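K.L.:
Take a look at run_25.cif, mmCIF, C-alpha atoms, pLDDT in the B column; chains and numbers go by the auth columns:
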```
data_target
#
loop_
_atom_site.group_PDB
_atom_site.id
_atom_site.type_symbol
_atom_site.label_atom_id
_atom_site.label_comp_id
_atom_site.label_asym_id
_atom_site.label_seq_id
_atom_site.Cartn_x
_atom_site.Cartn_y
_atom_site.Cartn_z
_atom_site.B_iso_or_equiv
_atom_site.auth_seq_id
_atom_site.auth_asym_id
ATOM 1 C CA MET A 1 -53.975 132.165 192.513 47.00 1 A
ATOM 2 C CA THR A 2 -55.514 129.834 195.072 46.00 2 A
ATOM 3 C CA ASP A 3 -53.083 127.719 197.103 52.00 3 A
ATOM 4 C CA LEU A 4 -54.600 124.292 197.709 51.00 4 A
ATOM 5 C CA ARG A 5 -51.644 122.866 199.575 50.00 5 A
ATOM 6 C CA ASP A 6 -51.778 120.388 202.385 57.00 6 A
ATOM 7 C CA ASP A 7 -48.222 120.062 203.692 63.00 7 A
ATOM 8 C CA HIS A 8 -48.286 116.295 204.213 61.00 8 A
ATOM 9 C CA ALA A 9 -49.836 115.620 200.792 58.00 9 A
ATOM 10 C CA VAL A 10 -47.337 117.900 199.063 59.00 10 A
ATOM 11 C CA MET A 11 -44.351 116.324 200.795 66.00 11 A
ATOM 12 C CA THR A 12 -45.419 112.825 199.732 80.00 12 A
ATOM 13 C CA ARG A 13 -47.370 112.982 196.471 91.00 13 A
ATOM 14 C CA PHE A 14 -45.447 115.643 194.565 95.00 14 A
ATOM 15 C CA PRO A 15 -41.968 114.080 194.996 96.00 15 A
ATOM 16 C CA THR A 16 -43.357 110.769 193.738 95.00 16 A
ATOM 17 C CA GLU A 17 -44.913 112.408 190.679 97.00 17 A
ATOM 18 C CA LEU A 18 -41.779 114.387 189.898 97.00 18 A
ATOM 19 C CA ARG A 19 -39.595 111.268 190.054 97.00 19 A
ATOM 20 C CA ARG A 20 -42.076 109.372 187.894 97.00 20 A
ATOM 21 C CA TRP A 21 -42.155 112.005 185.176 97.00 21 A
ATOM 22 C CA ARG A 22 -38.398 112.479 185.237 98.00 22 A
ATOM 23 C CA SER A 23 -38.024 108.716 184.755 97.00 23 A
ATOM 24 C CA VAL A 24 -40.571 108.675 181.900 96.00 24 A
ATOM 25 C CA ARG A 25 -38.643 111.474 180.198 97.00 25 A
ATOM 26 C CA ARG A 26 -35.340 109.662 180.841 97.00 26 A
ATOM 27 C CA LEU A 27 -33.767 112.723 182.445 98.00 27 A
ATOM 28 C CA SER A 28 -31.174 112.757 185.177 98.00 28 A
ATOM 29 C CA GLN A 29 -31.616 115.144 188.079 98.00 29 A
ATOM 30 C CA LEU A 30 -28.796 117.247 186.633 98.00 30 A
ATOM 31 C CA GLU A 31 -30.385 117.400 183.176 98.00 31 A
ATOM 32 C CA LEU A 32 -33.724 118.444 184.639 98.00 32 A
ATOM 33 C CA ALA A 33 -32.066 121.018 186.866 98.00 33 A
ATOM 34 C CA VAL A 34 -30.224 122.603 183.940 98.00 34 A
ATOM 35 C CA ARG A 35 -33.416 122.768 181.896 97.00 35 A
ATOM 36 C CA ALA A 36 -35.369 124.299 184.778 97.00 36 A
ATOM 37 C CA GLY A 37 -32.657 126.798 185.697 97.00 37 A
ATOM 38 C CA THR A 38 -31.975 125.409 189.152 97.00 38 A
ATOM 39 C CA THR A 39 -29.462 123.088 190.812 97.00 39 A
ATOM 40 C CA GLN A 40 -29.258 119.315 191.007 97.00 40 A
ATOM 41 C CA ARG A 41 -29.180 119.690 194.793 97.00 41 A
ATOM 42 C CA HIS A 42 -32.517 121.517 194.741 97.00 42 A
ATOM 43 C CA VAL A 43 -34.131 118.888 192.492 98.00 43 A
ATOM 44 C CA SER A 44 -32.780 116.160 194.753 97.00 44 A
ATOM 45 C CA PHE A 45 -34.194 117.844 197.854 96.00 45 A
ATOM 46 C CA ILE A 46 -37.609 118.243 196.165 96.00 46 A
ATOM 47 C CA GLU A 47 -37.678 114.554 195.183 96.00 47 A
ATOM 48 C CA GLN A 48 -36.761 113.556 198.733 94.00 48 A
ATOM 49 C CA GLY A 49 -39.509 115.747 200.169 92.00 49 A
ATOM 50 C CA ARG A 50 -36.929 117.876 201.970 92.00 50 A
ATOM 51 C CA SER A 51 -37.784 121.026 199.996 93.00 51 A
ATOM 52 C CA ARG A 52 -41.263 122.322 199.174 92.00 52 A
ATOM 53 C CA PRO A 53 -41.384 123.837 195.669 93.00 53 A
ATOM 54 C CA GLY A 54 -43.082 127.122 194.915 95.00 54 A
ATOM 55 C CA ARG A 55 -45.644 127.449 192.157 96.00 55 A
ATOM 56 C CA SER A 56 -43.196 128.986 189.677 97.00 56 A
ATOM 57 C CA MET A 57 -40.729 126.129 190.239 97.00 57 A
ATOM 58 C CA VAL A 58 -43.428 123.507 189.634 97.00 58 A
ATOM 59 C CA VAL A 59 -44.347 125.259 186.383 97.00 59 A
ATOM 60 C CA ARG A 60 -40.694 125.410 185.312 98.00 60 A
ATOM 61 C CA LEU A 61 -40.174 121.735 186.077 98.00 61 A
ATOM 62 C CA ALA A 62 -43.319 120.774 184.148 98.00 62 A
ATOM 63 C CA GLU A 63 -42.303 122.885 181.153 97.00 63 A
ATOM 64 C CA SER A 64 -38.759 121.487 181.276 98.00 64 A
ATOM 65 C CA MET A 65 -40.134 117.946 181.042 98.00 65 A
ATOM 66 C CA GLU A 66 -42.377 119.013 178.118 96.00 66 A
ATOM 67 C CA LEU A 67 -45.552 117.853 179.825 97.00 67 A
ATOM 68 C CA THR A 68 -48.894 118.416 178.127 96.00 68 A
ATOM 69 C CA LEU A 69 -51.166 121.115 179.535 97.00 69 A
ATOM 70 C CA ARG A 70 -53.280 118.442 181.235 97.00 70 A
ATOM 71 C CA GLU A 71 -50.176 116.872 182.784 97.00 71 A
ATOM 72 C CA ARG A 72 -48.914 120.282 183.928 98.00 72 A
ATOM 73 C CA ASN A 73 -52.223 120.904 185.669 98.00 73 A
ATOM 74 C CA GLU A 74 -51.990 117.504 187.352 97.00 74 A
ATOM 75 C CA LEU A 75 -48.455 118.214 188.543 97.00 75 A
ATOM 76 C CA LEU A 76 -49.554 121.568 189.965 97.00 76 A
ATOM 77 C CA VAL A 77 -52.423 119.887 191.819 95.00 77 A
ATOM 78 C CA ALA A 78 -50.008 117.269 193.178 95.00 78 A
ATOM 79 C CA ALA A 79 -47.943 120.149 194.556 95.00 79 A
ATOM 80 C CA GLY A 80 -51.034 121.660 196.183 93.00 80 A
ATOM 81 C CA PHE A 81 -51.663 124.448 193.680 95.00 81 A
ATOM 82 C CA ALA A 82 -54.661 125.237 191.529 96.00 82 A
ATOM 83 C CA PRO A 83 -54.426 124.252 187.845 97.00 83 A
ATOM 84 C CA ALA A 84 -52.947 126.892 185.556 96.00 84 A
ATOM 85 C CA PHE A 85 -54.781 126.017 182.345 96.00 85 A
ATOM 86 C CA PRO A 86 -58.566 126.018 181.831 96.00 86 A
ATOM 87 C CA GLU A 87 -60.377 123.065 180.272 96.00 87 A
ATOM 88 C CA SER A 88 -63.362 124.465 178.419 95.00 88 A
ATOM 89 C CA PRO A 89 -66.161 122.320 176.955 94.00 89 A
ATOM 90 C CA LEU A 90 -65.840 122.286 173.187 92.00 90 A
ATOM 91 C CA ASP A 91 -69.267 123.935 172.883 93.00 91 A
ATOM 92 C CA ASP A 92 -68.258 126.734 175.278 94.00 92 A
ATOM 93 C CA GLN A 93 -68.635 130.239 173.883 95.00 93 A
ATOM 94 C CA THR A 94 -64.943 130.958 174.487 92.00 94 A
ATOM 95 C CA LEU A 95 -64.040 128.293 171.896 93.00 95 A
ATOM 96 C CA ALA A 96 -66.528 129.519 169.278 95.00 96 A
ATOM 97 C CA PRO A 97 -63.756 131.093 167.134 94.00 97 A
ATOM 98 C CA VAL A 98 -61.907 127.769 167.245 93.00 98 A
ATOM 99 C CA ARG A 99 -64.948 125.791 166.116 94.00 99 A
ATOM 100 C CA GLN A 100 -65.521 128.258 163.285 95.00 100 A
ATOM 101 C CA ALA A 101 -61.877 128.011 162.209 94.00 101 A
ATOM 102 C CA LEU A 102 -62.013 124.210 162.238 95.00 102 A
ATOM 103 C CA ASP A 103 -65.222 124.185 160.180 96.00 103 A
ATOM 104 C CA THR A 104 -63.547 126.473 157.651 97.00 104 A
ATOM 105 C CA ILE A 105 -60.476 124.225 157.435 96.00 105 A
ATOM 106 C CA LEU A 106 -62.562 121.060 157.061 97.00 106 A
ATOM 107 C CA GLU A 107 -64.668 122.587 154.317 96.00 107 A
ATOM 108 C CA GLY A 108 -61.627 124.061 152.594 96.00 108 A
ATOM 109 C CA HIS A 109 -59.938 120.657 152.456 97.00 109 A
ATOM 110 C CA LEU A 110 -62.627 119.261 150.141 97.00 110 A
ATOM 111 C CA PRO A 111 -62.599 117.209 147.948 97.00 111 A
ATOM 112 C CA TYR A 112 -60.242 115.364 150.295 97.00 112 A
ATOM 113 C CA PRO A 113 -61.284 113.822 153.647 97.00 113 A
ATOM 114 C CA ALA A 114 -60.436 115.547 156.937 98.00 114 A
ATOM 115 C CA ILE A 115 -61.464 115.072 160.564 98.00 115 A
ATOM 116 C CA VAL A 116 -60.908 116.533 164.028 98.00 116 A
ATOM 117 C CA VAL A 117 -60.308 114.135 166.915 97.00 117 A
ATOM 118 C CA ARG A 118 -59.861 114.330 170.665 96.00 118 A
ATOM 119 C CA PRO A 119 -57.511 112.099 172.728 94.00 119 A
ATOM 120 C CA HIS A 120 -57.819 108.345 172.123 95.00 120 A
ATOM 121 C CA GLY A 121 -59.210 109.015 168.649 96.00 121 A
ATOM 122 C CA ILE A 122 -62.671 110.303 169.632 97.00 122 A
ATOM 123 C CA LEU A 123 -64.199 111.894 166.536 98.00 123 A
ATOM 124 C CA VAL A 124 -65.259 115.522 166.998 97.00 124 A
ATOM 125 C CA ALA A 125 -65.998 116.660 163.433 97.00 125 A
ATOM 126 C CA ALA A 126 -65.512 115.557 159.838 97.00 126 A
ATOM 127 C CA ASN A 127 -66.038 117.033 156.405 97.00 127 A
ATOM 128 C CA ARG A 128 -68.348 115.510 153.801 96.00 128 A
ATOM 129 C CA ALA A 129 -65.525 113.708 152.011 96.00 129 A
ATOM 130 C CA PHE A 130 -64.913 111.561 155.087 97.00 130 A
ATOM 131 C CA ASP A 131 -68.086 109.662 154.153 95.00 131 A
ATOM 132 C CA LEU A 132 -65.768 107.782 151.798 95.00 132 A
ATOM 133 C CA PHE A 133 -64.400 105.988 154.879 97.00 133 A
ATOM 134 C CA ASN A 134 -67.842 105.116 156.252 96.00 134 A
ATOM 135 C CA GLU A 135 -68.960 103.017 153.284 94.00 135 A
ATOM 136 C CA GLY A 136 -69.508 99.411 154.332 94.00 136 A
ATOM 137 C CA VAL A 137 -68.652 100.094 157.974 97.00 137 A
ATOM 138 C CA ASP A 138 -70.734 98.322 160.624 98.00 138 A
ATOM 139 C CA PRO A 139 -73.274 100.908 161.931 97.00 139 A
ATOM 140 C CA ALA A 140 -72.265 99.984 165.490 97.00 140 A
ATOM 141 C CA LEU A 141 -68.840 101.521 164.810 98.00 141 A
ATOM 142 C CA LEU A 142 -70.502 104.741 163.630 97.00 142 A
ATOM 143 C CA ALA A 143 -72.572 105.235 166.791 96.00 143 A
ATOM 144 C CA PRO A 144 -71.372 108.237 168.848 95.00 144 A
ATOM 145 C CA PRO A 145 -68.890 108.609 170.298 95.00 145 A
ATOM 146 C CA VAL A 146 -67.038 107.277 167.247 97.00 146 A
ATOM 147 C CA ASN A 147 -63.509 106.078 167.926 98.00 147 A
ATOM 148 C CA HIS A 148 -61.509 106.860 164.799 97.00 148 A
ATOM 149 C CA PHE A 149 -58.828 104.233 165.520 97.00 149 A
ATOM 150 C CA ARG A 150 -61.352 101.453 166.111 98.00 150 A
ATOM 151 C CA HIS A 151 -63.301 102.619 163.046 98.00 151 A
ATOM 152 C CA ALA A 152 -60.097 102.309 160.988 97.00 152 A
ATOM 153 C CA LEU A 153 -58.743 98.970 162.227 98.00 153 A
ATOM 154 C CA HIS A 154 -61.752 96.915 163.344 98.00 154 A
ATOM 155 C CA PRO A 155 -62.493 93.963 161.007 97.00 155 A
ATOM 156 C CA ASP A 156 -66.029 95.323 160.521 98.00 156 A
ATOM 157 C CA GLY A 157 -64.762 98.838 159.884 98.00 157 A
ATOM 158 C CA LEU A 158 -62.596 100.472 157.257 98.00 158 A
ATOM 159 C CA ALA A 159 -60.016 97.685 157.621 98.00 159 A
ATOM 160 C CA ARG A 160 -61.916 95.331 155.318 97.00 160 A
ATOM 161 C CA ARG A 161 -61.189 97.744 152.423 97.00 161 A
ATOM 162 C CA VAL A 162 -57.551 98.504 153.295 97.00 162 A
ATOM 163 C CA ARG A 163 -55.247 96.637 150.938 96.00 163 A
ATOM 164 C CA ASN A 164 -52.093 97.208 153.008 95.00 164 A
ATOM 165 C CA LEU A 165 -53.626 96.780 156.476 96.00 165 A
ATOM 166 C CA PRO A 166 -50.590 95.157 158.169 94.00 166 A
ATOM 167 C CA GLU A 167 -48.302 98.049 157.234 92.00 167 A
ATOM 168 C CA TRP A 168 -50.776 100.924 157.480 94.00 168 A
ATOM 169 C CA GLY A 169 -52.318 99.608 160.696 95.00 169 A
ATOM 170 C CA ARG A 170 -48.937 99.453 162.376 93.00 170 A
ATOM 171 C CA HIS A 171 -48.238 102.985 161.249 91.00 171 A
ATOM 172 C CA ILE A 172 -51.235 103.968 163.402 94.00 172 A
ATOM 173 C CA THR A 173 -50.350 101.801 166.396 95.00 173 A
ATOM 174 C CA GLY A 174 -46.693 102.820 166.169 93.00 174 A
ATOM 175 C CA ASN A 175 -47.652 106.468 166.601 92.00 175 A
ATOM 176 C CA LEU A 176 -49.884 105.557 169.537 95.00 176 A
ATOM 177 C CA TRP A 177 -47.102 103.545 171.197 95.00 177 A
ATOM 178 C CA ALA A 178 -44.844 106.593 170.900 94.00 178 A
ATOM 179 C CA GLN A 179 -47.557 108.734 172.486 94.00 179 A
ATOM 180 C CA LEU A 180 -48.004 106.200 175.269 95.00 180 A
ATOM 181 C CA ALA A 181 -44.265 106.201 175.976 95.00 181 A
ATOM 182 C CA ARG A 182 -44.350 109.972 176.470 95.00 182 A
ATOM 183 C CA SER A 183 -47.623 110.061 178.409 95.00 183 A
ATOM 184 C CA PRO A 184 -48.430 106.770 180.196 95.00 184 A
ATOM 185 C CA ASP A 185 -52.181 106.208 180.234 96.00 185 A
ATOM 186 C CA PRO A 186 -53.867 102.888 181.189 96.00 186 A
ATOM 187 C CA SER A 187 -56.929 103.560 179.020 96.00 187 A
ATOM 188 C CA LEU A 188 -54.776 104.258 175.947 97.00 188 A
ATOM 189 C CA GLU A 189 -52.729 101.150 176.693 97.00 189 A
ATOM 190 C CA ALA A 190 -55.926 99.061 176.788 97.00 190 A
ATOM 191 C CA LEU A 191 -57.110 100.579 173.504 97.00 191 A
ATOM 192 C CA LEU A 192 -53.745 99.818 171.895 97.00 192 A
ATOM 193 C CA ALA A 193 -53.930 96.190 172.997 96.00 193 A
ATOM 194 C CA GLU A 194 -57.366 95.974 171.369 97.00 194 A
ATOM 195 C CA LEU A 195 -56.160 97.577 168.127 98.00 195 A
ATOM 196 C CA GLU A 196 -53.080 95.358 167.906 96.00 196 A
ATOM 197 C CA GLY A 197 -55.384 92.347 168.143 97.00 197 A
ATOM 198 C CA TYR A 198 -57.136 93.400 164.935 97.00 198 A
ATOM 199 C CA LEU A 199 -53.983 93.528 162.822 96.00 199 A
ATOM 200 C CA PRO A 200 -52.802 90.598 160.699 93.00 200 A
ATOM 201 C CA PRO A 201 -49.095 89.718 160.837 90.00 201 A
ATOM 202 C CA LEU A 202 -46.690 91.646 158.668 85.00 202 A
ATOM 203 C CA PRO A 203 -45.541 89.961 155.453 80.00 203 A
ATOM 204 C CA ASP A 204 -42.077 88.406 155.536 72.00 204 A
ATOM 205 C CA GLU A 205 -40.849 91.129 153.212 67.00 205 A
ATOM 206 C CA VAL A 206 -42.201 94.629 153.682 59.00 206 A
ATOM 207 C CA ASP A 207 -41.434 97.191 151.001 59.00 207 A
ATOM 208 C CA VAL A 208 -42.425 100.771 151.768 54.00 208 A
ATOM 209 C CA LEU A 209 -41.613 102.827 148.714 50.00 209 A
ATOM 210 C CA GLY A 210 -41.857 106.596 148.490 51.00 210 A
ATOM 211 C CA PHE A 211 -41.881 109.250 151.186 51.00 211 A
ATOM 212 C CA ALA A 212 -44.701 107.987 153.455 65.00 212 A
ATOM 213 C CA VAL A 213 -46.781 104.943 154.374 83.00 213 A
ATOM 214 C CA PRO A 214 -49.909 105.368 152.200 92.00 214 A
ATOM 215 C CA LEU A 215 -53.413 104.197 152.935 95.00 215 A
ATOM 216 C CA GLU A 216 -54.229 101.901 150.016 96.00 216 A
ATOM 217 C CA LEU A 217 -58.007 101.822 149.962 97.00 217 A
ATOM 218 C CA ALA A 218 -60.447 99.992 147.713 97.00 218 A
ATOM 219 C CA SER A 219 -63.480 102.007 146.611 94.00 219 A
ATOM 220 C CA ALA A 220 -66.341 101.717 144.113 91.00 220 A
ATOM 221 C CA ASP A 221 -64.604 104.349 141.991 92.00 221 A
ATOM 222 C CA GLY A 222 -61.245 102.583 141.959 94.00 222 A
ATOM 223 C CA ASP A 223 -58.281 102.035 144.260 96.00 223 A
ATOM 224 C CA LEU A 224 -57.094 105.059 146.211 97.00 224 A
ATOM 225 C CA ARG A 225 -53.711 105.916 147.724 97.00 225 A
ATOM 226 C CA LEU A 226 -53.802 108.516 150.499 97.00 226 A
ATOM 227 C CA ILE A 227 -51.281 110.012 152.900 95.00 227 A
ATOM 228 C CA THR A 228 -52.081 111.645 156.221 94.00 228 A
ATOM 229 C CA THR A 229 -51.065 114.918 157.855 93.00 229 A
ATOM 230 C CA LEU A 230 -51.635 115.795 161.523 92.00 230 A
ATOM 231 C CA THR A 231 -52.045 119.351 162.809 93.00 231 A
ATOM 232 C CA SER A 232 -52.375 120.624 166.370 91.00 232 A
ATOM 233 C CA PHE A 233 -52.749 124.011 168.054 87.00 233 A
ATOM 234 C CA ALA A 234 -49.152 124.510 169.145 80.00 234 A
ATOM 235 C CA THR A 235 -49.798 127.715 171.124 87.00 235 A
ATOM 236 C CA ALA A 236 -52.987 126.571 172.848 91.00 236 A
ATOM 237 C CA ALA A 237 -53.487 127.659 176.459 94.00 237 A
ATOM 238 C CA ASP A 238 -56.701 125.651 176.980 96.00 238 A
ATOM 239 C CA VAL A 239 -56.497 121.909 177.682 97.00 239 A
ATOM 240 C CA THR A 240 -59.368 121.046 175.336 96.00 240 A
ATOM 241 C CA LEU A 241 -57.880 123.015 172.461 96.00 241 A
ATOM 242 C CA ALA A 242 -54.377 121.660 173.051 96.00 242 A
ATOM 243 C CA GLU A 243 -55.654 118.089 172.786 96.00 243 A
ATOM 244 C CA LEU A 244 -57.466 118.509 169.461 96.00 244 A
ATOM 245 C CA ARG A 245 -55.853 117.035 166.352 96.00 245 A
ATOM 246 C CA LEU A 246 -56.770 117.768 162.745 96.00 246 A
ATOM 247 C CA GLU A 247 -56.131 114.747 160.526 96.00 247 A
ATOM 248 C CA ALA A 248 -56.205 115.553 156.823 97.00 248 A
ATOM 249 C CA PHE A 249 -55.897 113.030 154.002 97.00 249 A
ATOM 250 C CA LEU A 250 -54.158 113.934 150.745 97.00 250 A
ATOM 251 C CA PRO A 251 -53.867 112.031 147.470 97.00 251 A
ATOM 252 C CA ALA A 252 -50.567 110.202 147.072 95.00 252 A
ATOM 253 C CA ASP A 253 -50.924 110.148 143.273 96.00 253 A
ATOM 254 C CA GLU A 254 -52.818 111.885 140.484 97.00 254 A
ATOM 255 C CA PRO A 255 -55.308 109.028 139.807 97.00 255 A
ATOM 256 C CA THR A 256 -56.463 109.264 143.449 97.00 256 A
ATOM 257 C CA ALA A 257 -56.770 113.038 143.207 97.00 257 A
ATOM 258 C CA GLU A 258 -58.841 112.738 140.041 97.00 258 A
ATOM 259 C CA ILE A 259 -61.217 110.175 141.573 96.00 259 A
ATOM 260 C CA LEU A 260 -61.803 112.371 144.620 96.00 260 A
ATOM 261 C CA ARG A 261 -62.284 115.485 142.506 95.00 261 A
ATOM 262 C CA ARG A 262 -64.922 113.707 140.388 94.00 262 A
ATOM 263 C CA ARG A 263 -66.595 112.306 143.500 90.00 263 A
ATOM 264 C CA TRP A 264 -67.111 115.731 145.064 83.00 264 A
ATOM 265 C CA ALA A 265 -67.478 117.825 141.923 73.00 265 A
#
```
What's the structure tokens form of this structure?

P.N.:
Amino acid sequence: MTDLRDDHAVMTRFPTELRRWRSVRRLSQLELAVRAGTTQRHVSFIEQGRSRPGRSMVVRLAESMELTLRERNELLVAAGFAPAFPESPLDDQTLAPVRQALDTILEGHLPYPAIVVRPHGILVAANRAFDLFNEGVDPALLAPPVNHFRHALHPDGLARRVRNLPEWGRHITGNLWAQLARSPDPSLEALLAELEGYLPPLPDEVDVLGFAVPLELASADGDLRLITTLTSFATAADVTLAELRLEAFLPADEPTAEILRRRWA
């Protein structure tokens, strides 16, 4: 593997990045050392720039802090090493089996809506049932690249048909805040600030009954109640694949299921 190291850069940039990530993960030097199978003294020396880590140690530290594949690559580069994980374009031939599998899953989820998104909610693919969510949406919000979060919460988007927007909208932003806490990202933070600005205040009394926060959606065929599941490729070794998310909507009650079955019969 190519060694890209410049001694001065490694001894300044990598310690800073390691301290930053350890702080984000709220780990002490001892906790990180135990996870990585080394000593607190060694971690301390690395963070002070007194010890230069080898490639295997950087990988162990990144894994111990549960960094994403993209973040692991960035930490390796900060240490002067080449990235470990490829980032293939989604239309690359190597990901053809993945695209085929996703198409099969999307089609198999009918008559219920399902989509595939990239980071920050960029829409990659959707099945035919997702057209349900596009009805009445401002065409400007449907122009590629479509941002699923903006599409959902913008006043000219799906939001105008969501009967429980304060609660359901904050279910979305709450998940994004949790993601931001684990992986600080200025562009995601800016998007979150925009999305929060679209949401009306919560009612004084909020009652969430049942096992999940449903999407209560008005439609020409009647009111719908949907719940969401998220799926990722847990064993992915490609950055692009690791960042894909499959979001599938399921009926929260039998009347909703019946409406969707009739709609796509």

K.L.:
In Å to one decimal, how far is atom CA of Phe133 of chain A from atom CA of Ile105 of chain A?

P.N.:
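Taking atom CA of Ile105 of chain A and atom CA of Phe133 of chain A, their separation equals 18.8 Å.
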
K.L.:
Restricting the calculation to only C-alpha atoms, which member of A:His42, A:Arg262, A:Arg170, A:Arg35 is positioned closest to Arg60 of chain A?

P.N.:
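Of the candidates, the smallest distance to Arg60 of chain A is held by A:Arg35.
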
K.L.:
Excluding same-chain residues fewer than 5 positions from Gly174 of chain A, what lies within 10 Å of it counting only C-alpha atoms, as a list in words?

P.N.:
Trp168, Gly169, Gln179, Leu180, Leu192 and Glu196 of chain A

K.L.:
Tell me which residues the PyMOL selection byres ((chain A and resi 220) around 12) grabs here, as JSON, numbers by chain.

P.N.:
{"A": [132, 133, 135, 136, 161, 217, 218, 219, 221, 222, 223, 224, 259, 260, 263]}

K.L.:
Those residues with C-alpha atoms, as a PDB file, keeping the file's coordinate frame please?

P.N.:
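Printed below is again.pdb as written:
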```pdb
ATOM      1  CA  LEU A 132     -65.768 107.782 151.798  1.00 95.00           C
ATOM      2  CA  PHE A 133     -64.400 105.988 154.879  1.00 97.00           C
ATOM      3  CA  GLU A 135     -68.960 103.017 153.284  1.00 94.00           C
ATOM      4  CA  GLY A 136     -69.508  99.411 154.332  1.00 94.00           C
ATOM      5  CA  ARG A 161     -61.189  97.744 152.423  1.00 97.00           C
ATOM      6  CA  LEU A 217     -58.007 101.822 149.962  1.00 97.00           C
ATOM      7  CA  ALA A 218     -60.447  99.992 147.713  1.00 97.00           C
ATOM      8  CA  SER A 219     -63.480 102.007 146.611  1.00 94.00           C
ATOM      9  CA  ASP A 221     -64.604 104.349 141.991  1.00 92.00           C
ATOM     10  CA  GLY A 222     -61.245 102.583 141.959  1.00 94.00           C
ATOM     11  CA  ASP A 223     -58.281 102.035 144.260  1.00 96.00           C
ATOM     12  CA  LEU A 224     -57.094 105.059 146.211  1.00 97.00           C
ATOM     13  CA  ILE A 259     -61.217 110.175 141.573  1.00 96.00           C
ATOM     14  CA  LEU A 260     -61.803 112.371 144.620  1.00 96.00           C
ATOM     15  CA  ARG A 263     -66.595 112.306 143.500  1.00 90.00           C
TER      16      ARG A 263
END
```

K.L.:
Neighbouring residues of Leu215 of chain A were defined as those with any atom within 8 Å, considering all atoms listed in the file; residues of the same chain fewer than 5 positions away were excluded. Please report them as a ChimeraX atom specification.

P.N.:
/A:162,164,168,224-227

K.L.:
Translate the PyMOL selection byres ((chain A and resi 191) around 10) into a concrete residue list for this structure, as a list of chain:residue names.

P.N.:
A:His120, A:Gly121, A:Phe149, A:Arg150, A:Thr173, A:Leu176, A:Pro186, A:Ser187, A:Leu188, A:Glu189, A:Ala190, A:Leu192, A:Ala193, A:Glu194, A:Leu195, A:Glu196, A:Gly197

K.L.:
If we count all atoms listed in the file, what is near Gly54 of chain A at a cut-off of 10 Å, once residues fewer than 6 positions away on the same chain are taken out, given as a ChimeraX atom specification?

P.N.:
/A:76,79-81

K.L.:
Using the file's own x, y and z axes, so that the box edges lie along x, y and z, what centre and edge lengths in Å (one decimal) does a box around every listed atom of segment 161-174 of chain A get when 5 Å is added on each side? Give it as lines of an AutoDock Vina configuration file.

P.N.:
```
center_x = -53.9
center_y = 99.6
center_z = 158.7
size_x = 24.5
size_y = 18.8
size_z = 25.5
```

K.L.:
Assuming the chain letters and numbering stay as they are in my file, what does the PyMOL selection byres ((chain A and resi 23) around 12) actually select? List them as a count of residues only.

P.N.:
21

K.L.:
Taking all atoms listed in the file into account, name the residue in A:Thr94, A:Gln100, A:Asp131, A:Ser232 that is nearest to Arg245 of chain A.

P.N.:
A:Ser232

K.L.:
Name the closest residue to Val213 of chain A among the candidates A:Asp156, A:Glu167, A:Asp138, A:Glu107; distances are taken between atoms, counting all atoms listed in the file.

P.N.:
A:Glu167
